[in-house]
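Structure data (TSV, C-alpha atoms) from coords.tsv:
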chain	number	residue	atom	x	y	z
A	1	MET	CA	150.34	149.49	16.63
A	2	LYS	CA	153.05	147.00	17.60
A	3	MET	CA	155.08	145.35	14.88
A	4	ASN	CA	155.08	141.57	14.84
A	5	SER	CA	158.48	140.14	15.90
A	6	ARG	CA	158.58	138.02	12.72
A	7	ILE	CA	158.21	141.15	10.59
A	8	LYS	CA	160.95	142.89	12.61
A	9	THR	CA	163.24	139.93	12.04
A	10	LEU	CA	162.53	139.96	8.30
A	11	ILE	CA	163.23	143.70	8.08
A	12	ILE	CA	166.49	143.33	10.02
A	13	ARG	CA	167.47	140.33	7.87
A	14	TYR	CA	166.76	142.28	4.69
A	15	LEU	CA	168.75	145.32	5.87
A	16	LEU	CA	171.72	143.17	6.89
A	17	TRP	CA	171.80	141.37	3.53
A	18	VAL	CA	171.59	144.75	1.78
A	19	ALA	CA	174.60	145.85	3.87
A	20	VAL	CA	176.45	142.64	2.88
A	21	LEU	CA	175.74	143.36	-0.79
A	22	ALA	CA	176.85	146.99	-0.38
A	23	VAL	CA	180.20	145.86	1.03
A	24	MET	CA	180.55	143.35	-1.81
A	25	LEU	CA	179.83	146.12	-4.34
A	26	PHE	CA	182.42	148.33	-2.67
A	27	ILE	CA	184.99	145.53	-2.87
A	28	PHE	CA	184.09	144.84	-6.51
A	29	SER	CA	184.37	148.49	-7.52
A	30	SER	CA	187.69	148.86	-5.69
A	31	SER	CA	189.03	145.75	-7.41
A	32	ALA	CA	187.84	147.00	-10.80
A	33	GLN	CA	190.15	150.01	-10.59
A	34	ILE	CA	193.17	149.78	-12.86
A	35	ALA	CA	196.52	149.60	-11.05
A	36	GLU	CA	197.33	153.31	-11.34
A	37	VAL	CA	193.96	154.43	-9.96
A	38	SER	CA	194.10	151.87	-7.16
A	39	SER	CA	197.60	153.01	-6.24
A	40	GLU	CA	196.49	156.66	-6.23
A	41	SER	CA	193.57	155.79	-3.93
A	42	SER	CA	195.68	153.94	-1.38
A	43	GLY	CA	198.45	156.53	-1.74
A	44	GLY	CA	195.97	159.34	-1.07
A	45	PHE	CA	194.67	157.57	2.01
A	46	THR	CA	198.22	156.94	3.22
A	47	ARG	CA	199.11	160.61	2.66
A	48	VAL	CA	196.09	161.77	4.73
A	49	PHE	CA	196.92	159.23	7.46
A	50	LEU	CA	200.53	160.46	7.61
A	51	SER	CA	199.52	164.12	7.67
A	52	VAL	CA	197.33	163.41	10.70
A	53	PHE	CA	199.66	161.10	12.65
A	54	VAL	CA	203.19	162.14	11.66
A	55	GLU	CA	204.36	165.38	13.16
A	56	ASP	CA	205.76	167.81	10.56
A	57	PHE	CA	204.64	165.62	7.63
A	58	ASP	CA	203.20	168.64	5.83
A	59	GLU	CA	206.49	170.53	6.24
A	60	MET	CA	208.58	167.73	4.71
A	61	SER	CA	209.81	167.94	1.15
A	62	HIS	CA	207.62	166.28	-1.49
A	63	GLU	CA	210.33	163.63	-2.01
A	64	LYS	CA	210.46	162.78	1.71
A	65	GLN	CA	206.65	162.66	1.89
A	66	GLN	CA	206.52	160.34	-1.13
A	67	GLU	CA	209.19	158.12	0.42
A	68	LEU	CA	207.06	157.75	3.56
A	69	VAL	CA	203.90	157.14	1.53
A	70	ASP	CA	205.65	154.48	-0.56
A	71	SER	CA	207.04	152.76	2.54
A	72	LEU	CA	203.58	152.47	4.13
A	73	GLN	CA	201.42	151.86	1.09
A	74	PHE	CA	201.87	148.06	1.19
A	75	VAL	CA	200.75	147.93	4.83
A	76	VAL	CA	197.78	150.22	4.10
A	77	ARG	CA	196.67	148.07	1.14
A	78	LYS	CA	196.87	144.84	3.15
A	79	GLY	CA	195.19	146.53	6.12
A	80	ALA	CA	192.37	147.53	3.78
A	81	HIS	CA	191.98	143.89	2.69
A	82	PHE	CA	191.81	142.74	6.32
A	83	SER	CA	189.42	145.52	7.36
A	84	VAL	CA	186.89	145.24	4.54
A	85	TYR	CA	186.69	141.46	4.92
A	86	PHE	CA	186.40	141.88	8.70
A	87	VAL	CA	183.30	143.98	8.01
A	88	LEU	CA	181.99	141.52	5.39
A	89	GLY	CA	182.44	138.53	7.70
A	90	SER	CA	180.78	140.36	10.59
A	91	LEU	CA	177.82	141.47	8.49
A	92	CYS	CA	177.37	137.97	7.05
A	93	PHE	CA	177.37	136.53	10.56
A	94	PHE	CA	174.82	139.07	11.84
A	95	ALA	CA	172.65	138.40	8.78
A	96	MET	CA	172.94	134.63	9.36
A	97	ASN	CA	172.07	135.22	13.02
A	98	THR	CA	168.53	136.12	11.90
A	99	TYR	CA	167.97	132.46	10.94
A	100	SER	CA	167.03	129.66	13.31
A	101	ILE	CA	170.00	127.37	12.75
A	102	LYS	CA	172.85	126.28	14.99
A	103	THR	CA	175.42	128.93	15.86
A	104	LYS	CA	178.28	126.88	14.41
A	105	GLN	CA	176.41	126.63	11.11
A	106	LYS	CA	175.84	130.39	11.11
A	107	ALA	CA	179.56	130.94	11.60
A	108	TYR	CA	180.61	128.39	8.97
A	109	ILE	CA	178.16	129.70	6.38
A	110	SER	CA	179.28	133.29	7.04
A	111	ILE	CA	182.92	132.31	6.63
A	112	LEU	CA	182.16	130.32	3.48
A	113	ILE	CA	180.18	133.14	1.82
A	114	SER	CA	182.89	135.68	2.62
A	115	LEU	CA	185.75	133.39	1.59
A	116	ILE	CA	184.12	132.49	-1.73
A	117	TYR	CA	183.71	136.20	-2.37
A	118	ALA	CA	187.37	136.85	-1.49
A	119	ILE	CA	188.48	134.15	-3.94
A	120	SER	CA	186.17	135.48	-6.66
A	121	ASP	CA	187.53	138.98	-6.02
A	122	GLU	CA	191.11	137.84	-6.62
A	123	ILE	CA	190.02	136.05	-9.81
A	124	HIS	CA	188.27	139.27	-10.89
A	125	GLN	CA	191.51	141.22	-10.42
A	126	ILE	CA	193.32	138.97	-12.93
A	127	PHE	CA	191.22	140.61	-15.65
A	128	VAL	CA	191.87	144.22	-14.55
A	129	PRO	CA	194.81	145.96	-16.28
A	130	GLY	CA	197.87	146.14	-14.02
A	131	ARG	CA	196.25	144.10	-11.25
A	132	ALA	CA	196.86	140.51	-10.21
A	133	GLY	CA	195.05	137.89	-8.19
A	134	ARG	CA	197.11	136.91	-5.17
A	135	ILE	CA	196.59	133.92	-2.90
A	136	THR	CA	198.31	135.89	-0.11
A	137	ASP	CA	195.49	138.45	-0.32
A	138	VAL	CA	192.95	135.65	0.09
A	139	PHE	CA	194.75	134.59	3.30
A	140	ILE	CA	194.71	138.19	4.56
A	141	ASP	CA	191.02	138.39	3.66
A	142	LEU	CA	190.40	135.10	5.50
A	143	ALA	CA	192.15	136.47	8.59
A	144	GLY	CA	189.79	139.46	8.50
A	145	ILE	CA	186.78	137.20	7.97
A	146	LEU	CA	187.70	134.89	10.85
A	147	THR	CA	188.37	137.85	13.15
A	148	GLY	CA	185.08	139.53	12.17
A	149	VAL	CA	183.00	136.39	12.61
A	150	GLY	CA	184.82	135.47	15.82
A	151	LEU	CA	184.36	138.88	17.43
A	152	SER	CA	180.73	139.03	16.28
A	153	LEU	CA	180.08	135.63	17.83
A	154	LEU	CA	181.83	136.71	21.02
A	155	SER	CA	179.86	139.97	21.20
A	156	ILE	CA	176.56	138.11	20.86
A	157	LYS	CA	177.54	135.61	23.56
A	158	ILE	CA	178.50	138.45	25.90
A	159	ALA	CA	175.25	140.31	25.17
A	160	VAL	CA	173.19	137.15	25.86
A	161	LYS	CA	175.02	136.63	29.19
A	162	ILE	CA	174.41	140.24	30.20
A	163	ILE	CA	170.71	139.95	29.35
A	164	LYS	CA	170.43	136.71	31.35
A	165	MET	CA	172.19	138.33	34.33
A	166	LYS	CA	169.82	141.31	34.21
A	167	LYS	CA	166.80	139.01	34.06
A	168	ARG	CA	168.06	137.08	37.11
A	169	LYS	CA	168.58	140.28	39.05
A	170	ALA	CA	165.09	141.48	38.13
A	171	LEU	CA	163.54	138.37	39.66
Mind converting the file's structure to structure tokens?
Amino acid sequence: MKMNSRIKTLIIRYLLWVAVLAVMLFIFSSSAQIAEVSSESSGGFTRVFLSVFVEDFDEMSHEKQQELVDSLQFVVRKGAHFSVYFVLGSLCFFAMNTYSIKTKQKAYISILISLIYAISDEIHQIFVPGRAGRITDVFIDLAGILTGVGLSLLSIKIAVKIIKMKKRKAL
């Protein structure tokens, strides 16, 4: 039995919004970590990254390893901001793409939802011991959002062009 296209769309829409909420929950739980735990998390990730990509990292003294970890931790933390909001913006756009509204509106709404969440996340961090809300993080988040929405929009436009080209060739 074939599934109605409306039902398929509703299922896809539901799954995409669940994914959006899952990313938001991940962001919230990461932001709820006190400063020491958050620093250990990003430090642990940085340490694994360095052990994979820096030759002889594991043979270095603990002090030299820690020096490298400390020097990269800022970049890793800001890269995490960009990346997670890239994903959030992309998922919001794909979820919005299940609605019959203009593409610009889909993009603007996706950006707005993600940006409001980024701002609320920084406000949330003000209340977590050792953490602070930073406007610079909101700008990094916004850069991730804009990149995610922009690349999602571009990928859909490319896919539509490819489908149209294939249809023309089939005729």
For the interface of stretch 117-152 of chain A with stretch 90-99 of chain A (cut-off 6 Å, counting only C-alpha atoms), please tabulate each contacting residue of stretch 117-152 of chain A alongside its nearest pair of atoms and their separation in Å to one decimal, rows sorted by chain and increasing number, as a tab-separated table.
residue	atom	partner	partner_atom	distance
A:Gly148	CA	A:Ser90	CA	4.7
A:Val149	CA	A:Ser90	CA	5.0
A:Ser152	CA	A:Ser90	CA	5.8
For A:Val23, which residue out of A:Leu88, A:Glu122, A:Lys157, A:Thr136 is the nearest one, using only C-alpha atoms?
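For A:Val23, the nearest of the given residues is A:Leu88.
The spacing separating atom CA of A:Val138 from atom CA of A:Phe28 amounts to 14.4 Å.
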Quick one: residues within 10 Å of A:Glu36, all atoms listed in the file counted, chain neighbours fewer than 3 positions away excluded, as a list in words?
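Everything that qualifies: Gln33, Ser39, Glu40, Ser41, Pro129, Gly130 and Arg131 of chain A.
Restricting the calculation to all atoms listed in the file, the smallest distance between A:Gln125 and any of A:His62, A:Lys8, A:Ile34, A:Leu25 is found for A:Ile34.
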Could you pull the residues within 8 Å of A:Ala118, counting only C-alpha atoms, minus those fewer than 6 positions along the same chain, as a list of chain:residue names?
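In the requested format, the answer is A:Tyr85, A:Val138, A:Asp141, A:Leu142.
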With only C-alpha atoms as the basis for distance, which of A:Ile101, A:Ala132, A:Ile126, A:Val87 is at the shortest distance from A:Thr147?
A:Val87
Mind giving me the straight-line distance from atom CA of A:Leu16 to atom CA of A:Val160 in Å, one decimal?
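Interatomic distance here is 20.0 Å.
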Find, counting only C-alpha atoms, the residue in A:Val48, A:Leu10, A:Val128, A:Val84 that gets nearest to A:Ala35.
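Using only C-alpha atoms, A:Ala35 sits closest to A:Val128.
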Proximity check stretch 14-45 of chain A to stretch 68-75 of chain A, 10 Å, nearest pairs one decimal Å, all atoms listed in the file, as a Markdown table:
| residue | atom | partner | partner_atom | distance |
| --- | --- | --- | --- | --- |
| A:Ser39 | CA | A:Gln73 | CA | 8.3 |
| A:Ser42 | CA | A:Gln73 | CA | 6.6 |
| A:Gly43 | CA | A:Gln73 | CA | 6.2 |
| A:Gly44 | CA | A:Val69 | CA | 8.6 |
| A:Phe45 | CA | A:Gln73 | CA | 8.9 |
Just to confirm, what's the straight-line distance from atom CA of A:Lys106 to atom CA of A:Arg77 in Å (one decimal)?
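So the two atoms, atom CA of A:Lys106 and atom CA of A:Arg77, lie 29.1 Å apart.
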